[in-house]
>>> print(open('run03.cif').read())   # mmCIF, C-alpha atoms (C1' of nucleotides)
data_upload
#
loop_
_atom_site.label_atom_id
_atom_site.label_comp_id
_atom_site.auth_asym_id
_atom_site.auth_seq_id
_atom_site.Cartn_x
_atom_site.Cartn_y
_atom_site.Cartn_z
CA MET A 1 61.47 72.54 107.82
CA SER A 2 64.65 70.83 106.72
CA THR A 3 66.38 73.94 105.51
CA GLN A 4 65.18 75.75 108.59
CA THR A 5 66.82 73.28 110.94
CA ARG A 6 69.95 73.24 108.83
CA ARG A 7 70.30 77.00 109.11
CA GLU A 8 69.72 76.89 112.81
CA ARG A 9 72.33 74.20 113.13
CA GLU A 10 74.82 76.20 111.10
CA ARG A 11 74.11 79.23 113.18
CA ALA A 12 74.68 77.30 116.40
CA GLU A 13 77.89 75.94 114.95
CA ARG A 14 79.08 79.44 114.15
CA GLU A 15 78.30 80.58 117.65
CA ARG A 16 80.34 77.69 118.98
CA ALA A 17 83.17 78.73 116.66
CA ILE A 18 83.12 82.26 118.05
CA VAL A 19 83.41 81.08 121.62
CA ALA A 20 86.11 78.59 120.69
CA ALA A 21 88.10 81.25 118.83
CA ALA A 22 87.82 83.65 121.75
CA ARG A 23 88.91 80.98 124.16
CA ASP A 24 91.88 79.83 122.08
CA LEU A 25 93.03 83.36 121.41
CA ALA A 26 92.73 84.32 125.07
CA LEU A 27 94.63 81.24 126.22
CA ALA A 28 97.35 81.84 123.65
CA GLU A 29 97.82 85.60 123.90
CA GLY A 30 95.66 86.89 126.73
CA TRP A 31 92.37 88.73 126.66
CA ASP A 32 93.93 91.95 125.41
CA ALA A 33 94.65 90.20 122.14
CA VAL A 34 91.01 89.19 121.77
CA THR A 35 89.54 91.99 119.68
CA THR A 36 86.33 91.84 117.73
CA ARG A 37 88.26 92.30 114.52
CA ARG A 38 90.62 89.40 115.17
CA LEU A 39 87.72 87.27 116.29
CA ALA A 40 85.82 88.05 113.12
CA ALA A 41 88.86 87.24 110.99
CA GLU A 42 89.30 83.97 112.87
CA ILE A 43 85.81 82.71 112.09
CA GLU A 44 86.02 84.18 108.57
CA TYR A 45 83.03 86.46 108.93
CA SER A 46 82.70 90.19 109.30
CA GLN A 47 82.61 91.98 112.62
CA PRO A 48 78.88 92.70 112.84
CA VAL A 49 78.12 88.99 112.70
CA LEU A 50 79.47 88.70 116.22
CA TYR A 51 76.78 91.07 117.40
CA SER A 52 74.02 88.94 115.95
CA HIS A 53 75.12 86.21 118.34
CA PHE A 54 76.27 88.16 121.38
CA LYS A 55 75.36 91.51 122.83
CA GLY A 56 78.99 92.54 122.92
CA LYS A 57 82.50 91.47 123.70
CA ASP A 58 81.67 91.00 127.36
CA ALA A 59 78.97 88.50 126.48
CA ILE A 60 81.49 86.49 124.45
CA MET A 61 83.85 86.46 127.40
CA ALA A 62 81.00 85.36 129.61
CA ALA A 63 80.31 82.46 127.27
CA VAL A 64 83.94 81.40 127.55
CA ALA A 65 83.70 81.70 131.31
CA VAL A 66 80.70 79.39 131.36
CA GLU A 67 82.78 76.65 129.76
CA GLY A 68 85.39 77.30 132.40
CA PHE A 69 82.97 76.75 135.23
CA ALA A 70 82.15 73.32 133.91
CA GLU A 71 85.81 72.41 133.63
CA LEU A 72 86.66 73.67 137.08
CA ALA A 73 83.77 71.79 138.65
CA THR A 74 84.92 68.59 136.98
CA ALA A 75 88.50 69.10 138.11
CA LEU A 76 87.43 69.73 141.69
CA ALA A 77 85.14 66.72 141.69
CA ALA A 78 87.93 64.48 140.46
CA ALA A 79 90.28 65.72 143.17
CA ARG A 80 87.73 65.32 145.93
CA THR A 81 86.48 61.84 145.08
CA SER A 82 89.92 60.38 144.59
CA ALA A 83 91.25 61.58 147.93
CA ALA A 84 92.05 58.98 150.56
CA ASP A 85 90.42 60.70 153.52
CA PRO A 86 88.38 63.88 154.16
CA ARG A 87 91.42 65.78 155.39
CA GLN A 88 93.35 64.95 152.27
CA ALA A 89 90.32 65.87 150.18
CA VAL A 90 90.56 69.49 151.33
CA ALA A 91 94.20 69.69 150.37
CA ASP A 92 93.63 67.99 147.03
CA VAL A 93 90.69 70.17 146.11
CA ALA A 94 92.64 73.28 147.06
CA ALA A 95 95.58 72.14 144.96
CA ALA A 96 93.29 71.35 142.04
CA TYR A 97 91.77 74.81 142.27
CA THR A 98 95.07 76.67 142.18
CA THR A 99 96.42 74.37 139.48
CA PHE A 100 93.40 75.11 137.32
CA ALA A 101 93.91 78.83 137.76
CA GLU A 102 97.61 78.54 137.05
CA GLN A 103 97.25 76.43 133.92
CA ARG A 104 94.33 78.32 132.39
CA PRO A 105 94.93 81.91 133.49
CA ALA A 106 92.82 83.46 130.75
CA LEU A 107 89.93 81.17 131.55
CA TYR A 108 90.21 81.94 135.23
CA ASP A 109 90.27 85.67 134.54
CA ALA A 110 87.10 85.47 132.50
CA MET A 111 85.42 83.51 135.27
CA PHE A 112 86.47 85.40 138.35
CA THR A 113 88.11 88.70 137.66
CA LEU A 114 87.08 90.25 134.37
CA ALA A 115 83.57 89.44 133.19
CA VAL A 116 81.29 91.12 135.65
CA ASP A 117 78.04 90.93 133.76
CA LEU A 118 77.81 87.18 133.89
CA PRO A 119 74.28 85.88 133.44
CA PHE A 120 73.96 84.80 137.03
CA ALA A 121 70.25 84.66 136.45
CA SER A 122 70.54 82.31 133.50
CA GLN A 123 70.51 78.52 133.56
CA ASP A 124 73.95 77.37 132.52
CA VAL A 125 76.09 79.45 134.79
CA PRO A 126 74.45 78.79 138.11
CA THR A 127 74.44 75.10 137.32
CA ASP A 128 78.15 74.69 136.70
CA LEU A 129 79.15 77.44 139.07
CA ALA A 130 77.04 75.88 141.78
CA ARG A 131 78.55 72.50 140.97
CA GLY A 132 82.02 73.86 141.58
CA PHE A 133 80.95 75.57 144.76
CA ALA A 134 79.23 72.39 145.93
CA GLU A 135 82.43 70.43 145.41
CA LEU A 136 84.26 72.94 147.54
CA ALA A 137 81.53 72.77 150.17
CA ASP A 138 81.57 68.97 150.23
CA ALA A 139 85.30 69.01 150.81
CA VAL A 140 85.02 71.64 153.51
CA ARG A 141 82.07 70.07 155.34
CA PRO A 142 84.05 67.69 157.55
CA ILE A 143 86.18 70.55 158.82
CA ALA A 144 83.46 73.16 159.15
CA GLY A 145 82.79 72.31 162.76
CA ASN A 146 80.20 74.55 164.35
CA ASP A 147 80.64 77.28 161.75
CA ASP A 148 78.11 77.85 159.03
CA LEU A 149 79.16 75.67 156.09
CA GLU A 150 78.45 78.29 153.47
CA ALA A 151 80.44 80.93 155.30
CA VAL A 152 83.41 78.62 155.75
CA THR A 153 83.28 77.51 152.13
CA GLU A 154 83.11 81.08 150.85
CA THR A 155 85.98 82.11 153.08
CA PHE A 156 88.11 79.15 152.04
CA TRP A 157 87.32 79.93 148.44
CA SER A 158 88.38 83.54 149.03
CA GLY A 159 91.68 82.29 150.38
CA LEU A 160 92.31 80.26 147.27
CA HIS A 161 91.24 83.11 145.02
CA GLY A 162 93.51 85.52 146.85
CA LEU A 163 96.50 83.21 146.61
CA VAL A 164 95.93 82.76 142.90
CA THR A 165 95.38 86.37 141.96
CA LEU A 166 98.15 87.84 144.09
CA MET A 167 100.61 85.29 142.79
CA ARG A 168 99.60 85.82 139.20
CA SER A 169 100.02 89.59 139.46
CA GLY A 170 103.49 89.18 140.86
CA ARG A 171 102.70 90.18 144.43
CA LEU A 172 103.54 86.76 145.84
CA ARG A 173 106.57 84.69 144.98
CA ARG A 174 105.57 81.68 142.97
CA ALA A 175 108.23 79.56 144.65
CA ASP A 176 106.49 79.71 148.03
CA HIS A 177 103.08 78.79 146.68
CA ASP A 178 103.01 75.25 148.08
CA ARG A 179 103.95 76.47 151.51
CA ARG A 180 101.19 79.07 151.52
CA LEU A 181 98.68 76.55 150.26
CA ALA A 182 99.67 74.20 153.06
CA VAL A 183 99.18 76.98 155.60
CA LEU A 184 95.71 77.76 154.27
CA VAL A 185 94.61 74.13 154.33
CA ASP A 186 96.15 73.55 157.73
CA ARG A 187 94.57 76.60 159.32
CA PHE A 188 91.17 75.61 158.05
CA SER A 189 91.60 71.96 159.01
CA ARG A 190 92.94 72.16 162.55
CA MET B 1 118.77 130.11 140.23
CA SER B 2 115.60 131.55 141.66
CA THR B 3 113.58 131.17 138.50
CA GLN B 4 115.02 127.71 138.09
CA THR B 5 113.74 126.55 141.45
CA ARG B 6 110.41 128.25 140.84
CA ARG B 7 109.92 126.33 137.61
CA GLU B 8 110.89 123.11 139.23
CA ARG B 9 108.42 123.82 142.00
CA GLU B 10 105.67 124.57 139.51
CA ARG B 11 106.46 121.44 137.63
CA ALA B 12 106.30 119.35 140.78
CA GLU B 13 103.01 121.00 141.66
CA ARG B 14 101.60 120.11 138.27
CA GLU B 15 102.70 116.54 138.67
CA ARG B 16 100.91 116.45 142.00
CA ALA B 17 97.83 117.87 140.30
CA ILE B 18 97.88 115.10 137.71
CA VAL B 19 97.99 112.38 140.34
CA ALA B 20 95.30 114.09 142.39
CA ALA B 21 93.05 114.47 139.35
CA ALA B 22 93.52 110.83 138.44
CA ARG B 23 92.79 109.76 141.95
CA ASP B 24 89.67 111.90 142.32
CA LEU B 25 88.34 110.88 138.94
CA ALA B 26 88.94 107.21 139.65
CA LEU B 27 87.28 107.40 143.04
CA ALA B 28 84.30 109.24 141.60
CA GLU B 29 83.72 107.33 138.36
CA GLY B 30 86.11 104.39 138.29
CA TRP B 31 89.31 103.87 136.35
CA ASP B 32 87.50 103.46 133.04
CA ALA B 33 86.53 107.11 133.26
CA VAL B 34 90.15 108.14 133.71
CA THR B 35 91.32 108.88 130.18
CA THR B 36 94.33 110.93 129.23
CA ARG B 37 92.06 113.47 127.57
CA ARG B 38 89.90 113.98 130.63
CA LEU B 39 92.96 114.13 132.81
CA ALA B 40 94.49 116.78 130.59
CA ALA B 41 91.30 118.82 130.64
CA GLU B 42 91.14 118.52 134.41
CA ILE B 43 94.57 120.02 134.95
CA GLU B 44 93.96 122.52 132.13
CA TYR B 45 96.87 121.42 130.01
CA SER B 46 97.08 119.49 126.78
CA GLN B 47 97.45 115.75 126.60
CA PRO B 48 101.15 115.50 125.75
CA VAL B 49 102.04 117.30 128.97
CA LEU B 50 101.08 114.17 130.84
CA TYR B 51 103.79 112.27 129.01
CA SER B 52 106.46 114.71 130.08
CA HIS B 53 105.71 113.68 133.66
CA PHE B 54 104.82 110.02 133.30
CA LYS B 55 105.74 107.32 130.87
CA GLY B 56 102.09 106.52 130.26
CA LYS B 57 98.72 106.05 131.83
CA ASP B 58 99.93 103.02 133.78
CA ALA B 59 102.62 105.10 135.42
CA ILE B 60 99.99 107.62 136.55
CA MET B 61 97.94 104.81 138.03
CA ALA B 62 101.04 103.52 139.75
CA ALA B 63 101.61 106.94 141.29
CA VAL B 64 98.06 106.89 142.66
CA ALA B 65 98.65 103.40 143.99
CA VAL B 66 101.74 104.57 145.84
CA GLU B 67 99.65 107.07 147.77
CA GLY B 68 97.27 104.24 148.54
CA PHE B 69 99.99 102.10 150.06
CA ALA B 70 100.84 104.82 152.50
CA GLU B 71 97.22 105.27 153.51
CA LEU B 72 96.64 101.57 153.94
CA ALA B 73 99.74 101.16 156.06
CA THR B 74 98.61 104.00 158.29
CA ALA B 75 95.12 102.56 158.64
CA LEU B 76 96.47 99.13 159.53
CA ALA B 77 98.90 100.58 162.04
CA ALA B 78 96.14 102.51 163.75
CA ALA B 79 93.97 99.42 163.99
CA ARG B 80 96.76 97.26 165.35
CA THR B 81 98.13 99.60 167.98
CA SER B 82 94.73 100.51 169.37
CA ALA B 83 93.63 96.92 169.86
CA ALA B 84 93.21 95.65 173.41
CA ASP B 85 95.01 92.35 173.00
CA PRO B 86 96.91 90.49 170.27
CA ARG B 87 93.91 88.36 169.36
CA GLN B 88 91.76 91.43 168.90
CA ALA B 89 94.53 93.05 166.91
CA VAL B 90 94.23 90.42 164.18
CA ALA B 91 90.49 91.00 163.91
CA ASP B 92 90.86 94.77 163.93
CA VAL B 93 93.59 94.80 161.32
CA ALA B 94 91.57 92.47 159.12
CA ALA B 95 88.52 94.69 159.47
CA ALA B 96 90.59 97.78 158.72
CA TYR B 97 91.94 96.14 155.58
CA THR B 98 88.55 95.22 154.16
CA THR B 99 87.09 98.57 155.16
CA PHE B 100 89.87 100.35 153.32
CA ALA B 101 89.21 98.29 150.21
CA GLU B 102 85.48 98.83 150.46
CA GLN B 103 85.67 102.57 150.95
CA ARG B 104 88.34 103.26 148.34
CA PRO B 105 87.68 100.67 145.66
CA ALA B 106 89.45 102.56 142.91
CA LEU B 107 92.49 103.03 145.07
CA TYR B 108 92.51 99.37 146.01
CA ASP B 109 92.23 98.36 142.36
CA ALA B 110 95.21 100.46 141.40
CA MET B 111 97.21 98.93 144.22
CA PHE B 112 96.34 95.27 143.95
CA THR B 113 94.51 94.34 140.81
CA LEU B 114 95.21 96.67 137.91
CA ALA B 115 98.62 98.29 137.85
CA VAL B 116 101.04 95.49 137.22
CA ASP B 117 104.12 97.46 136.29
CA LEU B 118 104.50 99.05 139.69
CA PRO B 119 108.03 100.26 140.34
CA PHE B 120 108.74 97.52 142.83
CA ALA B 121 112.38 98.34 142.38
CA SER B 122 111.96 102.01 143.25
CA GLN B 123 112.17 103.58 146.70
CA ASP B 124 108.69 104.80 147.56
CA VAL B 125 106.67 101.74 146.87
CA PRO B 126 108.64 99.14 148.76
CA THR B 127 108.74 101.46 151.75
CA ASP B 128 105.00 101.95 152.15
CA LEU B 129 104.09 98.57 150.78
CA ALA B 130 106.52 96.95 153.16
CA ARG B 131 105.11 99.07 155.99
CA GLY B 132 101.65 97.71 155.32
CA PHE B 133 102.91 94.18 155.06
CA ALA B 134 104.88 94.62 158.28
CA GLU B 135 101.75 95.77 160.09
CA LEU B 136 99.99 92.67 158.91
CA ALA B 137 102.93 90.52 159.97
CA ASP B 138 103.09 92.13 163.40
CA ALA B 139 99.43 91.39 163.95
CA VAL B 140 99.81 87.83 162.73
CA ARG B 141 102.99 87.04 164.68
CA PRO B 142 101.34 86.00 167.95
CA ILE B 143 99.16 83.47 166.13
CA ALA B 144 101.76 82.18 163.69
CA GLY B 145 102.77 79.35 165.99
CA ASN B 146 105.38 77.10 164.43
CA ASP B 147 104.58 78.19 160.91
CA ASP B 148 106.82 80.51 158.97
CA LEU B 149 105.65 84.05 159.74
CA GLU B 150 106.00 85.29 156.19
CA ALA B 151 104.02 82.37 154.79
CA VAL B 152 101.22 82.83 157.31
CA THR B 153 101.09 86.56 156.72
CA GLU B 154 100.97 86.16 152.96
CA THR B 155 98.26 83.55 153.24
CA PHE B 156 96.20 85.65 155.62
CA TRP B 157 96.64 88.59 153.29
CA SER B 158 95.44 86.42 150.41
CA GLY B 159 92.35 85.57 152.38
CA LEU B 160 91.55 89.23 152.92
CA HIS B 161 92.28 90.05 149.30
CA GLY B 162 90.05 87.23 148.11
CA LEU B 163 87.18 88.30 150.34
CA VAL B 164 87.44 91.84 149.09
CA THR B 165 87.72 91.12 145.39
CA LEU B 166 85.07 88.41 145.23
CA MET B 167 82.65 90.57 147.15
CA ARG B 168 83.31 93.60 145.01
CA SER B 169 82.73 91.69 141.80
CA GLY B 170 79.40 90.44 143.07
CA ARG B 171 80.44 86.84 143.66
CA LEU B 172 79.91 87.03 147.41
CA ARG B 173 76.93 88.55 149.15
CA ARG B 174 77.92 91.74 150.89
CA ALA B 175 75.52 91.01 153.74
CA ASP B 176 77.54 88.03 154.93
CA HIS B 177 80.87 89.82 154.88
CA ASP B 178 81.23 90.12 158.65
CA ARG B 179 80.52 86.46 159.14
CA ARG B 180 83.14 85.46 156.58
CA LEU B 181 85.67 87.85 158.07
CA ALA B 182 85.03 86.30 161.49
CA VAL B 183 85.60 82.84 160.05
CA LEU B 184 88.90 83.87 158.49
CA VAL B 185 90.19 85.48 161.68
CA ASP B 186 88.99 82.59 163.81
CA ARG B 187 90.54 79.90 161.63
CA PHE B 188 93.88 81.68 161.69
CA SER B 189 93.71 82.40 165.40
CA ARG B 190 92.70 79.09 166.89
"C1'" DC C 1 117.60 143.28 122.09
"C1'" DA C 2 119.09 138.78 119.44
"C1'" DG C 3 119.91 133.61 119.90
"C1'" DG C 4 119.05 129.49 121.53
"C1'" DT C 5 116.58 126.55 124.53
"C1'" DT C 6 112.86 124.99 126.86
"C1'" DT C 7 107.89 124.37 126.92
"C1'" DG C 8 103.38 123.07 125.46
"C1'" DC C 9 100.27 123.07 121.71
"C1'" DT C 10 97.82 121.25 117.37
"C1'" DA C 11 97.16 117.58 114.62
"C1'" DG C 12 97.27 112.99 113.65
"C1'" DC C 13 98.38 107.74 113.83
"C1'" DG C 14 96.77 103.24 114.58
"C1'" DG C 15 93.89 100.94 117.39
"C1'" DT C 16 89.37 99.82 120.12
"C1'" DG C 17 84.05 98.36 120.56
"C1'" DC C 18 80.10 98.99 118.18
"C1'" DT C 19 76.37 100.30 114.51
"C1'" DA C 20 73.77 102.30 110.47
"C1'" DG C 21 72.59 101.34 105.78
"C1'" DG C 22 72.67 99.13 101.75
"C1'" DA C 23 73.84 95.03 98.82
"C1'" DT C 24 73.19 90.19 98.31
"C1'" DT C 25 71.42 86.00 98.90
"C1'" DT C 26 67.68 83.01 100.21
"C1'" DT C 27 62.74 82.13 100.82
"C1'" DG C 28 57.92 81.74 99.78
"C1'" DT C 29 54.13 82.69 96.39
"C1'" DC C 30 51.90 82.93 92.09
"C1'" DG D 1 60.26 79.55 86.55
"C1'" DA D 2 59.61 84.71 87.60
"C1'" DC D 3 59.09 87.87 91.17
"C1'" DA D 4 58.25 90.20 95.59
"C1'" DA D 5 59.50 89.62 100.48
"C1'" DA D 6 62.48 88.50 104.00
"C1'" DA D 7 66.45 87.14 106.10
"C1'" DT D 8 71.49 87.56 105.99
"C1'" DC D 9 75.84 89.72 105.91
"C1'" DC D 10 79.31 93.26 104.51
"C1'" DT D 11 81.21 97.93 103.75
"C1'" DA D 12 81.93 102.04 105.78
"C1'" DG D 13 82.06 104.85 109.51
"C1'" DC D 14 81.31 106.77 114.39
"C1'" DA D 15 83.30 108.17 118.72
"C1'" DC D 16 86.60 107.01 121.55
"C1'" DC D 17 91.23 105.24 123.30
"C1'" DG D 18 96.67 105.75 124.37
"C1'" DC D 19 100.31 107.91 122.47
"C1'" DT D 20 103.64 110.91 119.47
"C1'" DA D 21 105.72 113.91 115.74
"C1'" DG D 22 106.55 118.48 114.62
"C1'" DC D 23 105.90 123.13 114.98
"C1'" DA D 24 104.87 127.68 117.44
"C1'" DA D 25 105.28 130.35 121.40
"C1'" DA D 26 107.36 131.67 125.57
"C1'" DC D 27 111.40 131.99 128.11
"C1'" DC D 28 116.17 132.61 129.78
"C1'" DT D 29 120.83 134.03 128.67
"C1'" DG D 30 124.46 136.90 126.93
#
>>> encode(input="run03.cif", output="structure tokens")
Amino acid sequence: MSTQTRRERERAERERAIVAAARDLALAEGWDAVTTRRLAAEIEYSQPVLYSHFKGKDAIMAAVAVEGFAELATALAAARTSAADPRQAVADVAAAYTTFAEQRPALYDAMFTLAVDLPFASQDVPTDLARGFAELADAVRPIAGNDDLEAVTETFWSGLHGLVTLMRSGRLRRADHDRRLAVLVDRFSR
Amino acid sequence: MSTQTRRERERAERERAIVAAARDLALAEGWDAVTTRRLAAEIEYSQPVLYSHFKGKDAIMAAVAVEGFAELATALAAARTSAADPRQAVADVAAAYTTFAEQRPALYDAMFTLAVDLPFASQDVPTDLARGFAELADAVRPIAGNDDLEAVTETFWSGLHGLVTLMRSGRLRRADHDRRLAVLVDRFSR
DNA sequence: CAGGTTTGCTAGCGGTGCTAGGATTTTGTC
DNA sequence: GACAAAATCCTAGCACCGCTAGCAAACCTG
């Protein structure tokens, strides 16, 4: 029993190490630099070990994304609850969202652009993902008016996502970001 | 002189064939299926021939994207000019944009999500890309109000881009697309 | 028809994600 | 404690990727 639990613990620890290595490497050099060989070297095991923990590279990226959802939800919650008034809350949450994407580009990519086969049916992801979405919805609620809250929230989210991705790929000048963000918030708030 | 021009013509034709093959293959099976080997087989030449026309695979994708910009601009122009009133024009242009993205996903990807090293400094791209952006701006102008037109247009564009990409990656339910699109147009129009 | 140039091919490099099979260690039983 | 059974992990390799060096064939020119 004792050795059994120890091995399980070690195995869980190794899995954690894999995700951490993938995350660090992606943040430092981008997802292209995250290869199974480099990952294996990083955790000081051979390549096939990775596949005893995850189905494939995509699953590892998904695991990293899951951590990201938790972080984003926390960041949004902090922005929303510390805002002076509901109107300011929308602006603050929007700013927090784009700041998160800007500061952790690799994490954001894993969450929203790259990993498609996310376990949406699992337990972890919907929890943290829903938390983030709920924060957005809570901020949007006062300005939803007669429109369906979910529709407004999803549309507002799309606006933020579009700003972030187009800016990051060089289609929008970074210098004008604040102005665009103000326009988005204003148009949804008026 | 005659043979010279004939060879140049044949070479140009082959270049056209490469772009067409890439485009067709991408539309049919996605960009992952577009490999240099398959492309070479498609045009019935060997792989290295591709590199005498384009610097690499990215450049081929960029060439496909350029065609896409022209198509998108035309589609947006048609939607805008055939609208009854300025308010309707915004809705129609928005719908035309998302329809384009939905019906030609591979083309849209090449234009706005994948190919990063687009020759923004060249002649073709800015022309058609600017045409599309100008159509968007023309539609947005009547509802820009006191805001900077460019900022509003870019933000509106971001909203459309976000809707499209999040829906395509399965993050937004396709069934609610029309409702979200209506929200976006309404919030920018009021 | 000979010479040189252009053209396009074969073959191969270093890399990717992923896996089969065997060696090695650990476990449980007598 | 010895030994069979089971779990663990590594070596080696597959099929594929984008891309390129170097040579053979076709071509144009004089």
>>> calpha_fit_rmsd(input="run03.cif", fixed="chain B", moving="chain A")
0.1 Å
>>> resolve_selection(input="run03.cif", expression="the PyMOL selection byres ((chain A) within 10 of (chain D))", output="JSON list (two decimals) with C-alpha atoms, keeping the file's coordinate frame")
[["chain", "number", "residue", "atom", "x", "y", "z"],
["A", 45, "TYR", "CA", 83.03, 86.46, 108.93],
["A", 46, "SER", "CA", 82.70, 90.19, 109.30],
["A", 47, "GLN", "CA", 82.61, 91.98, 112.62],
["A", 48, "PRO", "CA", 78.88, 92.70, 112.84],
["A", 49, "VAL", "CA", 78.12, 88.99, 112.70]]
>>> atom_distance(input="run03.cif", atom1="atom CA of Arg168 of chain A", atom2="atom CA of Ala130 of chain B")
19.1 Å
>>> resolve_selection(input="run03.cif", expression="the PyMOL selection byres ((chain C) within 10 of (chain B))", output="list in words")
DT7, DG8, DC9 and DT10 of chain C
>>> write_last_selection(input="run03.cif", atoms="C-alpha atoms (C1' of nucleotides)", output="short mmCIF file (atom, residue, chain, number, x, y, z; two decimals), in the frame of the given file")
data_model
loop_
_atom_site.label_atom_id
_atom_site.label_comp_id
_atom_site.auth_asym_id
_atom_site.auth_seq_id
_atom_site.Cartn_x
_atom_site.Cartn_y
_atom_site.Cartn_z
"C1'" DT C 7 107.89 124.37 126.92
"C1'" DG C 8 103.38 123.07 125.46
"C1'" DC C 9 100.27 123.07 121.71
"C1'" DT C 10 97.82 121.25 117.37
#
>>> atom_distance(input="run03.cif", atom1="atom CA of Phe54 of chain B", atom2="atom CA of Thr127 of chain B")
20.7 Å
>>> interface_residues(input="run03.cif", of="chain B", to="chain A", cutoff="6 Å", atoms="only C-alpha atoms", output="PyMOL selection string")
chain B and resi 151+155+158-159+161-163+180+187-188
>>> atom_distance(input="run03.cif", atom1="atom CA of Asp128 of chain A", atom2="atom CA of Ala70 of chain A")
5.1 Å
>>> resolve_selection(input="run03.cif", expression="the PyMOL selection byres ((chain A and resi 107) around 9)", output="NGL selection string")
:A and (23 or 26-27 or 64-65 or 67-68 or 101 or 104-106 or 108-112)
>>> residues_around(input="run03.cif", residues="segment 90-100 of chain A", least_positions_apart="6", cutoff="6 Å", atoms="only C-alpha atoms (C1' of nucleotides)", output="count of residues only")
5
>>> decode(input="run03.cif", residues="chain C", atoms="C-alpha atoms (C1' of nucleotides)", output="tab-separated table (two decimals), in the first residue's frame")
chain	number	residue	atom	x	y	z
C	1	DC	C1'	26.57	20.58	-85.02
C	2	DA	C1'	29.36	22.02	-80.60
C	3	DG	C1'	29.27	24.95	-76.24
C	4	DG	C1'	27.26	26.86	-72.68
C	5	DT	C1'	23.25	27.88	-70.12
C	6	DT	C1'	19.06	27.07	-68.26
C	7	DT	C1'	15.92	23.71	-66.26
C	8	DG	C1'	14.24	20.12	-63.36
C	9	DC	C1'	15.28	15.78	-61.40
C	10	DT	C1'	17.10	12.33	-57.80
C	11	DA	C1'	18.69	11.81	-53.48
C	12	DG	C1'	19.31	13.20	-49.04
C	13	DC	C1'	19.60	16.22	-44.62
C	14	DG	C1'	17.81	17.26	-40.24
C	15	DG	C1'	13.73	17.61	-38.09
C	16	DT	C1'	8.75	16.25	-36.51
C	17	DG	C1'	5.06	13.18	-33.76
C	18	DC	C1'	4.53	8.73	-32.52
C	19	DT	C1'	5.19	3.45	-31.60
C	20	DA	C1'	6.86	-1.48	-31.54
C	21	DG	C1'	9.78	-4.53	-29.01
C	22	DG	C1'	12.90	-5.80	-25.87
C	23	DA	C1'	15.74	-4.91	-21.64
C	24	DT	C1'	15.51	-3.71	-16.88
C	25	DT	C1'	13.77	-3.00	-12.70
C	26	DT	C1'	10.29	-3.83	-9.25
C	27	DT	C1'	6.73	-6.76	-7.18
C	28	DG	C1'	4.57	-10.71	-5.13
C	29	DT	C1'	4.95	-15.73	-3.94
C	30	DC	C1'	6.98	-19.82	-2.30
